[in-house]
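Working notes, structure below.
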2 protein chains.
Amino acid sequence: MRIAVDVMGGDHGCGVVIEGAKRALQADDKITAIYLVGNKAEIHAALPEGGFRDHRVRVIHAGEVINMDEEAATAVRRKRDASIVRAMELVRDQKADGVVSAGNTGAIFASASFKLKRIEGVRRGGIAAVIPTAKQDFVLMDSGANIECKPIDLAHFAIMGNIYSKEILGYANPRVGILSVGTEANKGNELTLGAFELLKKLPINFIGNVEGHDLFENHVDVVVCDGFVGNIVLKTCESLATAMFSLLKQELKVSARRQLGALLAMNAFRAIKKRMDPEVHGGAPLLGFNGAVMKAHGSARERAIANAIQVAARNVQNQVNTSIAREIARAKETLLAAESSVFPTEPA
Amino acid sequence: MRIAVDVMGGDHGCGVVIEGAKRALQADDKITAIYLVGNKAEIHAALPEGGFRDHRVRVIHAGEVINMDEEAATAVRRKRDASIVRAMELVRDQKADGVVSAGNTGAIFASASFKLKRIEGVRRGGIAAVIPTAKQDFVLMDSGANIECKPIDLAHFAIMGNIYSKEILGYANPRVGILSVGTEANKGNELTLGAFELLKKLPINFIGNVEGHDLFENHVDVVVCDGFVGNIVLKTCESLATAMFSLLKQELKVSARRQLGALLAMNAFRAIKKRMDPEVHGGAPLLGFNGAVMKAHGSARERAIANAIQVAARNVQNQVNTSIAREIARAKETLLAAESSVFPTEPA
């Protein structure tokens, strides 16, 4: 597997991304090539003394960078020599199988759309965030790429999320649910009610609607929603978890007695942090494009980058996209029939 | 202030609700009457030996109950003698000023709509959940009553949430934000983009869009969204917080060392539980109706019921609804003008 790594994305500079790539190479000998894509001078300055000494590493120069605050689609169109664009082109030109970037999410999405194109039959690509819980992780798709969706998009997210959770998380028969405001079939908005009619026709383990209450109680493995709702849910969870940890830290410092208690119980806190650690997955895949695209968190450090690269490699190895293409094609007639019965077109 | 309490709602039976009412009466001598509305025989069986011995308490018989799983609007129409319907009628007939119920949320909303009517000028009533954070609480409105909304509804939620957070939470100049997927003015869906244009014209401290990341970081006091998003966010937060506490509990039991640590640090956990305790507010108000309506949590116990009754009383005392009527009337022209410039009607 050959992975193009956009070393210019991320908050910690290209040295951290390069070190992440190094660790991925050490950990996984099925990775046959890593392209470090970015400013050549910066890359060489950040490389360890004497270079990588790994024949699998190649440096690809890209003269521009898309920053975190740039309007994504415009930036991708204008900056033809941007690192993320060059990385995508390596996949387009069949020199690489996947891309990892900790840069601007919108730019990763836009450059994947422009350069890789969507898998045949997929109406919209989406972001499949993997969210840790006390018991097991669940996939949240779409977690931010598509603000306005149609029911058919949610059906495609269900198909893609289902395959991803099987192939990458190893779930045998993932429970797929639509995020809504009640578990009954008649609870939801126009979008989710329409999607419900489509999902129940698919050859997946569709468990119906799930509510916010179900997310952290091991009731569901793949949570389907539009990118507006998904993005808000994802960020709210991150915000709440962080706030609870920092409140705990603050309260444990209040007295010597509490400090001693915290010291004795330290391994419990460590176990929770480890369980809830988003770095394990290294980032979120963009599904639906011809290539294994991983968006790493902007704040990703070496370990998260290394994990993201390995997840991208596993995505290629397990032929996630081949399965997506097959299942989307297989569902096509079913979805068309369901759509026309649920949303009959007005007579002319 | 006179409060009608639906004693038939809630998971723990009418004894718990009645005990909550008793505590509210003890705590607040500005409450001049409490109506216990429900099945007379059950109420008398649950009353303490010799009755309440408080001349402020009256029992009002209602022969029916709306259960948690009933379709709300239908149930309210059919069960004319339901406790929640009778409680609302006491407000309609000006015998009471507010209603507290731990019953079916949809039924509370539907009976408020049918019996109390909306405050003049308010297009839709909504639920204003008060969510605790490490620093201070924020209001989330609408947190579940209105699945599909228009921009004008979000503007009304902003006005109502603003007043509620001033009068009940005591915030001098609440920061009002629209829940969206980016802080920039151009980030959002059709609904939030439209609402943004309206909110910026209102005489409130509108801080623009807020993201999920902002919710628990003391960036915003009133979070405006449609009831679909609000309900999902509210339940997701409850689910995640509960999951984190139970994970902590479980990890702290693993070894004798951790158990000792937990014992020493116990007050830290207690402080956090206290800080994040939703019972302090007793429930969420339904704003926009002619009466002070409080929805208590289904699982509310005595203390939560007592708090909900006291919040309803404060709502009456501080004339929240008078302020809402005034501010909605004051904003009418501004909103009409903004609406017609943002959403021009097609020429006929």
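Following the order of the structure tokens, chains are lettered A, B, ..., residues in each are numbered from 1, and ligands are numbered from 1.
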Contacts of chain B with chain A up to 6 Å, shortest pair per row, only C-alpha atoms, as a Markdown table:
```
| residue | atom | partner | partner_atom | distance |
| --- | --- | --- | --- | --- |
| B:Gly212 | CA | A:Thr236 | CA | 4.0 |
| B:His213 | CA | A:Ser239 | CA | 4.9 |
| B:Phe216 | CA | A:Ser239 | CA | 5.8 |
| B:Ile232 | CA | A:Gly212 | CA | 4.9 |
| B:Lys235 | CA | A:Gly212 | CA | 4.5 |
| B:Thr236 | CA | A:Gly212 | CA | 4.0 |
| B:Ser239 | CA | A:His213 | CA | 4.9 |
| B:Leu240 | CA | A:Phe216 | CA | 5.8 |
| B:Glu251 | CA | A:Ala268 | CA | 5.0 |
| B:Leu252 | CA | A:Ala268 | CA | 5.7 |
| B:Arg257 | CA | A:Leu264 | CA | 5.9 |
| B:Arg258 | CA | A:Ala265 | CA | 4.2 |
| B:Gly261 | CA | A:Gly261 | CA | 3.7 |
| B:Ala262 | CA | A:Gly261 | CA | 5.9 |
| B:Leu264 | CA | A:Gly261 | CA | 4.7 |
| B:Ala265 | CA | A:Arg258 | CA | 4.2 |
| B:Ala268 | CA | A:Glu251 | CA | 5.0 |
```
Report as a ChimeraX atom specification all protein, DNA and RNA residues lying within 12 Å of segment 329-341 of chain B, evaluated on only C-alpha atoms, omitting residues in the same chain fewer than 6 positions from it.
/B:119-123,150-156,158-160,194-204,322-323
Those selected residues, please, written with N, CA and C atoms and delivered as a PDB file, in the first residue's frame.
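Saved the output as out_33.pdb:
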```
ATOM      1  N   ILE B 119     -48.657  33.172  23.566  1.00  0.00           N
ATOM      2  CA  ILE B 119     -48.556  34.603  23.837  1.00  0.00           C
ATOM      3  C   ILE B 119     -48.691  35.337  22.506  1.00  0.00           C
ATOM      4  N   GLU B 120     -49.404  36.443  22.513  1.00  0.00           N
ATOM      5  CA  GLU B 120     -49.674  37.123  21.248  1.00  0.00           C
ATOM      6  C   GLU B 120     -48.393  37.420  20.474  1.00  0.00           C
ATOM      7  N   GLY B 121     -48.386  37.059  19.212  1.00  0.00           N
ATOM      8  CA  GLY B 121     -47.236  37.339  18.362  1.00  0.00           C
ATOM      9  C   GLY B 121     -46.238  36.206  18.279  1.00  0.00           C
ATOM     10  N   VAL B 122     -46.284  35.273  19.245  1.00  0.00           N
ATOM     11  CA  VAL B 122     -45.343  34.143  19.219  1.00  0.00           C
ATOM     12  C   VAL B 122     -45.861  33.105  18.232  1.00  0.00           C
ATOM     13  N   ARG B 123     -45.020  32.739  17.249  1.00  0.00           N
ATOM     14  CA  ARG B 123     -45.452  31.784  16.240  1.00  0.00           C
ATOM     15  C   ARG B 123     -45.461  30.360  16.790  1.00  0.00           C
ATOM     16  N   LYS B 150     -38.863  27.543  11.023  1.00  0.00           N
ATOM     17  CA  LYS B 150     -38.506  28.604  10.086  1.00  0.00           C
ATOM     18  C   LYS B 150     -37.588  29.588  10.813  1.00  0.00           C
ATOM     19  N   PRO B 151     -36.858  30.422  10.040  1.00  0.00           N
ATOM     20  CA  PRO B 151     -35.977  31.397  10.687  1.00  0.00           C
ATOM     21  C   PRO B 151     -36.679  32.264  11.730  1.00  0.00           C
ATOM     22  N   ILE B 152     -37.915  32.652  11.464  1.00  0.00           N
ATOM     23  CA  ILE B 152     -38.636  33.500  12.411  1.00  0.00           C
ATOM     24  C   ILE B 152     -38.838  32.779  13.750  1.00  0.00           C
ATOM     25  N   ASP B 153     -38.993  31.447  13.706  1.00  0.00           N
ATOM     26  CA  ASP B 153     -39.139  30.698  14.959  1.00  0.00           C
ATOM     27  C   ASP B 153     -37.864  30.799  15.786  1.00  0.00           C
ATOM     28  N   LEU B 154     -36.718  30.675  15.110  1.00  0.00           N
ATOM     29  CA  LEU B 154     -35.446  30.772  15.830  1.00  0.00           C
ATOM     30  C   LEU B 154     -35.265  32.177  16.412  1.00  0.00           C
ATOM     31  N   ALA B 155     -35.760  33.186  15.689  1.00  0.00           N
ATOM     32  CA  ALA B 155     -35.688  34.548  16.222  1.00  0.00           C
ATOM     33  C   ALA B 155     -36.540  34.662  17.490  1.00  0.00           C
ATOM     34  N   HIS B 156     -37.723  34.063  17.462  1.00  0.00           N
ATOM     35  CA  HIS B 156     -38.574  34.088  18.662  1.00  0.00           C
ATOM     36  C   HIS B 156     -37.942  33.301  19.813  1.00  0.00           C
ATOM     37  N   ALA B 158     -34.829  33.012  20.320  1.00  0.00           N
ATOM     38  CA  ALA B 158     -33.750  33.868  20.823  1.00  0.00           C
ATOM     39  C   ALA B 158     -34.297  34.910  21.792  1.00  0.00           C
ATOM     40  N   ILE B 159     -35.413  35.526  21.419  1.00  0.00           N
ATOM     41  CA  ILE B 159     -36.023  36.550  22.283  1.00  0.00           C
ATOM     42  C   ILE B 159     -36.468  35.922  23.608  1.00  0.00           C
ATOM     43  N   MET B 160     -37.114  34.779  23.520  1.00  0.00           N
ATOM     44  CA  MET B 160     -37.649  34.143  24.733  1.00  0.00           C
ATOM     45  C   MET B 160     -36.526  33.587  25.618  1.00  0.00           C
ATOM     46  N   GLY B 194     -30.714  31.837   7.467  1.00  0.00           N
ATOM     47  CA  GLY B 194     -31.843  32.762   7.488  1.00  0.00           C
ATOM     48  C   GLY B 194     -32.017  33.386   8.863  1.00  0.00           C
ATOM     49  N   ALA B 195     -31.902  32.551   9.893  1.00  0.00           N
ATOM     50  CA  ALA B 195     -32.073  33.039  11.267  1.00  0.00           C
ATOM     51  C   ALA B 195     -30.986  34.056  11.611  1.00  0.00           C
ATOM     52  N   PHE B 196     -29.779  33.822  11.104  1.00  0.00           N
ATOM     53  CA  PHE B 196     -28.657  34.734  11.364  1.00  0.00           C
ATOM     54  C   PHE B 196     -29.019  36.155  10.938  1.00  0.00           C
ATOM     55  N   GLU B 197     -29.637  36.287   9.773  1.00  0.00           N
ATOM     56  CA  GLU B 197     -30.011  37.610   9.262  1.00  0.00           C
ATOM     57  C   GLU B 197     -31.059  38.285  10.146  1.00  0.00           C
ATOM     58  N   LEU B 198     -31.902  37.475  10.758  1.00  0.00           N
ATOM     59  CA  LEU B 198     -32.930  38.046  11.638  1.00  0.00           C
ATOM     60  C   LEU B 198     -32.349  38.411  13.009  1.00  0.00           C
ATOM     61  N   LEU B 199     -31.558  37.497  13.571  1.00  0.00           N
ATOM     62  CA  LEU B 199     -31.059  37.722  14.934  1.00  0.00           C
ATOM     63  C   LEU B 199     -30.154  38.946  15.012  1.00  0.00           C
ATOM     64  N   LYS B 200     -29.434  39.215  13.937  1.00  0.00           N
ATOM     65  CA  LYS B 200     -28.512  40.355  14.020  1.00  0.00           C
ATOM     66  C   LYS B 200     -29.240  41.697  14.063  1.00  0.00           C
ATOM     67  N   LYS B 201     -30.521  41.668  13.750  1.00  0.00           N
ATOM     68  CA  LYS B 201     -31.327  42.888  13.820  1.00  0.00           C
ATOM     69  C   LYS B 201     -31.991  43.082  15.189  1.00  0.00           C
ATOM     70  N   LEU B 202     -31.963  42.068  16.018  1.00  0.00           N
ATOM     71  CA  LEU B 202     -32.692  42.140  17.286  1.00  0.00           C
ATOM     72  C   LEU B 202     -31.885  42.884  18.362  1.00  0.00           C
ATOM     73  N   PRO B 203     -32.596  43.519  19.298  1.00  0.00           N
ATOM     74  CA  PRO B 203     -31.912  44.216  20.399  1.00  0.00           C
ATOM     75  C   PRO B 203     -31.469  43.235  21.491  1.00  0.00           C
ATOM     76  N   ILE B 204     -30.639  42.261  21.080  1.00  0.00           N
ATOM     77  CA  ILE B 204     -30.085  41.293  22.030  1.00  0.00           C
ATOM     78  C   ILE B 204     -28.582  41.236  21.797  1.00  0.00           C
ATOM     79  N   THR B 322     -44.856  38.519  30.550  1.00  0.00           N
ATOM     80  CA  THR B 322     -45.104  39.924  30.220  1.00  0.00           C
ATOM     81  C   THR B 322     -43.940  40.470  29.390  1.00  0.00           C
ATOM     82  N   SER B 323     -42.723  40.132  29.812  1.00  0.00           N
ATOM     83  CA  SER B 323     -41.546  40.574  29.054  1.00  0.00           C
ATOM     84  C   SER B 323     -41.521  39.960  27.663  1.00  0.00           C
TER      85      SER B 323
END
```
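The neighbours of segment 67-80 of chain B here are the residues that come within 6 Å of it, using only C-alpha atoms and leaving out any residue fewer than 5 positions away in the same chain; they are Asn104, Gly106, Ala107 and Ala110 of chain B.
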Hey, can you spit out that residue selection with N, CA and C atoms as a PDB file, in the first residue's frame?
```pdb
ATOM      1  N   ASN B 104     -45.643  13.034  30.036  1.00  0.00           N
ATOM      2  CA  ASN B 104     -45.386  13.017  28.599  1.00  0.00           C
ATOM      3  C   ASN B 104     -45.154  14.440  28.048  1.00  0.00           C
ATOM      4  N   GLY B 106     -44.784  15.650  25.058  1.00  0.00           N
ATOM      5  CA  GLY B 106     -45.648  16.017  23.938  1.00  0.00           C
ATOM      6  C   GLY B 106     -47.035  16.409  24.424  1.00  0.00           C
ATOM      7  N   ALA B 107     -47.527  15.698  25.447  1.00  0.00           N
ATOM      8  CA  ALA B 107     -48.865  15.984  25.964  1.00  0.00           C
ATOM      9  C   ALA B 107     -48.884  17.317  26.708  1.00  0.00           C
ATOM     10  N   ALA B 110     -48.842  19.840  23.884  1.00  0.00           N
ATOM     11  CA  ALA B 110     -50.115  19.892  23.158  1.00  0.00           C
ATOM     12  C   ALA B 110     -51.211  20.512  24.025  1.00  0.00           C
TER      13      ALA B 110
END
```
Test item: residues at most 10 Å from segment 45-53 of chain B, only C-alpha atoms, excluding those fewer than 5 positions along its chain, as a ChimeraX atom specification:
/B:13-19,22,40,58
Between A:Glu167, A:Glu89, A:Asp54, A:Asp28, which one has atoms that come closest to Asn318 of chain A, using only C-alpha atoms?
A:Glu167
Strand (DSSP E or B) positions in segment 94-265 of chain B, given as a list in words
Gly98, Val99, Val100, Ser101, Arg118, Gly126, Ile127, Ala128, Ala129, Val130, Ile131, Phe138, Val139, Leu140, Met141, Arg175, Val176, Gly177, Ile178, Leu179, Asn205, Phe206, Ile207, Gly208, Asn209, Val210, Val222, Val223 and Val224 of chain B
Could you save the residues just selected, with N, CA and C atoms, as a compact mmCIF listing (two decimals), in the first residue's frame?
```txt
# COMPACT_ATOMS: atom_id res chain seq x y z
N GLY B 98 -49.47 28.81 36.83
CA GLY B 98 -48.50 27.94 36.15
C GLY B 98 -48.81 26.49 36.36
N VAL B 99 -48.13 25.64 35.57
CA VAL B 99 -48.34 24.19 35.62
C VAL B 99 -46.98 23.51 35.69
N VAL B 100 -46.89 22.48 36.55
CA VAL B 100 -45.69 21.64 36.58
C VAL B 100 -46.12 20.21 36.34
N SER B 101 -45.41 19.52 35.42
CA SER B 101 -45.71 18.11 35.17
C SER B 101 -44.44 17.35 34.82
N ARG B 118 -50.95 30.56 22.65
CA ARG B 118 -49.63 31.19 22.65
C ARG B 118 -49.74 32.67 23.01
N GLY B 126 -41.72 26.86 22.64
CA GLY B 126 -40.59 25.94 22.58
C GLY B 126 -40.13 25.56 23.97
N ILE B 127 -39.25 24.56 24.02
CA ILE B 127 -38.73 24.09 25.30
C ILE B 127 -37.33 24.66 25.51
N ALA B 128 -37.13 25.31 26.65
CA ALA B 128 -35.83 25.91 26.94
C ALA B 128 -35.11 25.08 28.00
N ALA B 129 -34.35 24.08 27.56
CA ALA B 129 -33.60 23.27 28.54
C ALA B 129 -32.46 24.10 29.11
N VAL B 130 -32.22 23.94 30.40
CA VAL B 130 -31.09 24.63 31.02
C VAL B 130 -30.01 23.57 31.27
N ILE B 131 -28.85 23.75 30.64
CA ILE B 131 -27.82 22.71 30.68
C ILE B 131 -26.64 23.18 31.53
N PHE B 138 -26.19 27.05 30.47
CA PHE B 138 -26.70 27.74 29.29
C PHE B 138 -28.10 27.22 28.96
N VAL B 139 -28.84 28.05 28.23
CA VAL B 139 -30.19 27.70 27.81
C VAL B 139 -30.12 27.16 26.39
N LEU B 140 -30.75 26.03 26.15
CA LEU B 140 -30.81 25.44 24.80
C LEU B 140 -32.26 25.46 24.35
N MET B 141 -32.55 26.26 23.33
CA MET B 141 -33.94 26.40 22.88
C MET B 141 -33.99 26.47 21.36
N ARG B 175 -25.23 36.14 26.29
CA ARG B 175 -24.71 35.99 24.93
C ARG B 175 -25.57 34.97 24.20
N VAL B 176 -26.20 35.42 23.10
CA VAL B 176 -27.11 34.56 22.36
C VAL B 176 -26.44 34.11 21.07
N GLY B 177 -26.38 32.81 20.82
CA GLY B 177 -25.75 32.30 19.60
C GLY B 177 -26.63 31.29 18.90
N ILE B 178 -26.41 31.16 17.59
CA ILE B 178 -27.11 30.13 16.81
C ILE B 178 -26.20 28.91 16.71
N LEU B 179 -26.73 27.75 17.02
CA LEU B 179 -25.92 26.52 16.94
C LEU B 179 -25.74 26.14 15.47
N ASN B 205 -27.88 40.60 22.71
CA ASN B 205 -26.43 40.46 22.58
C ASN B 205 -26.12 39.25 21.72
N PHE B 206 -26.36 39.40 20.40
CA PHE B 206 -26.19 38.29 19.46
C PHE B 206 -24.71 38.13 19.12
N ILE B 207 -24.15 36.97 19.45
CA ILE B 207 -22.71 36.77 19.21
C ILE B 207 -22.43 35.97 17.94
N GLY B 208 -23.48 35.71 17.15
CA GLY B 208 -23.28 34.99 15.89
C GLY B 208 -23.45 33.49 16.06
N ASN B 209 -22.81 32.74 15.18
CA ASN B 209 -22.89 31.28 15.26
C ASN B 209 -21.99 30.75 16.37
N VAL B 210 -22.45 29.68 17.00
CA VAL B 210 -21.57 28.93 17.89
C VAL B 210 -21.56 27.48 17.40
N VAL B 222 -27.22 31.54 25.68
CA VAL B 222 -28.48 31.09 25.09
C VAL B 222 -28.17 30.52 23.71
N VAL B 223 -28.41 29.23 23.54
CA VAL B 223 -28.10 28.54 22.28
C VAL B 223 -29.40 28.29 21.54
N VAL B 224 -29.50 28.84 20.34
CA VAL B 224 -30.74 28.77 19.58
C VAL B 224 -30.61 27.72 18.47
```
All residues 6 Å or closer to segment 299-309 of chain A, only C-alpha atoms, same chain fewer than 2 positions away omitted, as a PDB file with C-alpha atoms, in the first residue's frame:
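To be explicit, this is the file written out as out-v5.pdb:
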```
ATOM      1  CA  ASP A  11      -1.086  22.491  13.963  1.00  0.00           C
ATOM      2  CA  VAL A  16       5.512  15.973  13.717  1.00  0.00           C
ATOM      3  CA  GLU A  19       7.801  11.529  12.581  1.00  0.00           C
ATOM      4  CA  GLY A  20       4.299  10.035  12.417  1.00  0.00           C
ATOM      5  CA  ALA A  21       5.057   8.677   8.948  1.00  0.00           C
ATOM      6  CA  ARG A  23       6.421   5.349  13.019  1.00  0.00           C
ATOM      7  CA  ALA A  24       3.817   4.035  10.593  1.00  0.00           C
ATOM      8  CA  GLU A 279      -5.963   9.234  18.654  1.00  0.00           C
ATOM      9  CA  GLY A 282      -5.907   8.797  14.098  1.00  0.00           C
ATOM     10  CA  GLY A 283      -8.705  10.629  12.371  1.00  0.00           C
ATOM     11  CA  HIS A 297      -7.288  15.953  13.639  1.00  0.00           C
ATOM     12  CA  VAL A 311      -5.861   2.982   9.027  1.00  0.00           C
ATOM     13  CA  ALA A 312      -5.579   4.290   5.462  1.00  0.00           C
TER      14      ALA A 312
END
```
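Among the candidates B:Ser165, B:Val342, B:Lys274, B:Arg124, the one nearest to Val220 of chain B when counting only C-alpha atoms is B:Ser165.
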Find the residues around Gly38 of chain B up to 6 Å (only C-alpha atoms counted), leave out those fewer than 4 positions away in its own chain, and share them as a list in words.
Val7, Met8, His61, Ala62 and Ser83 of chain B
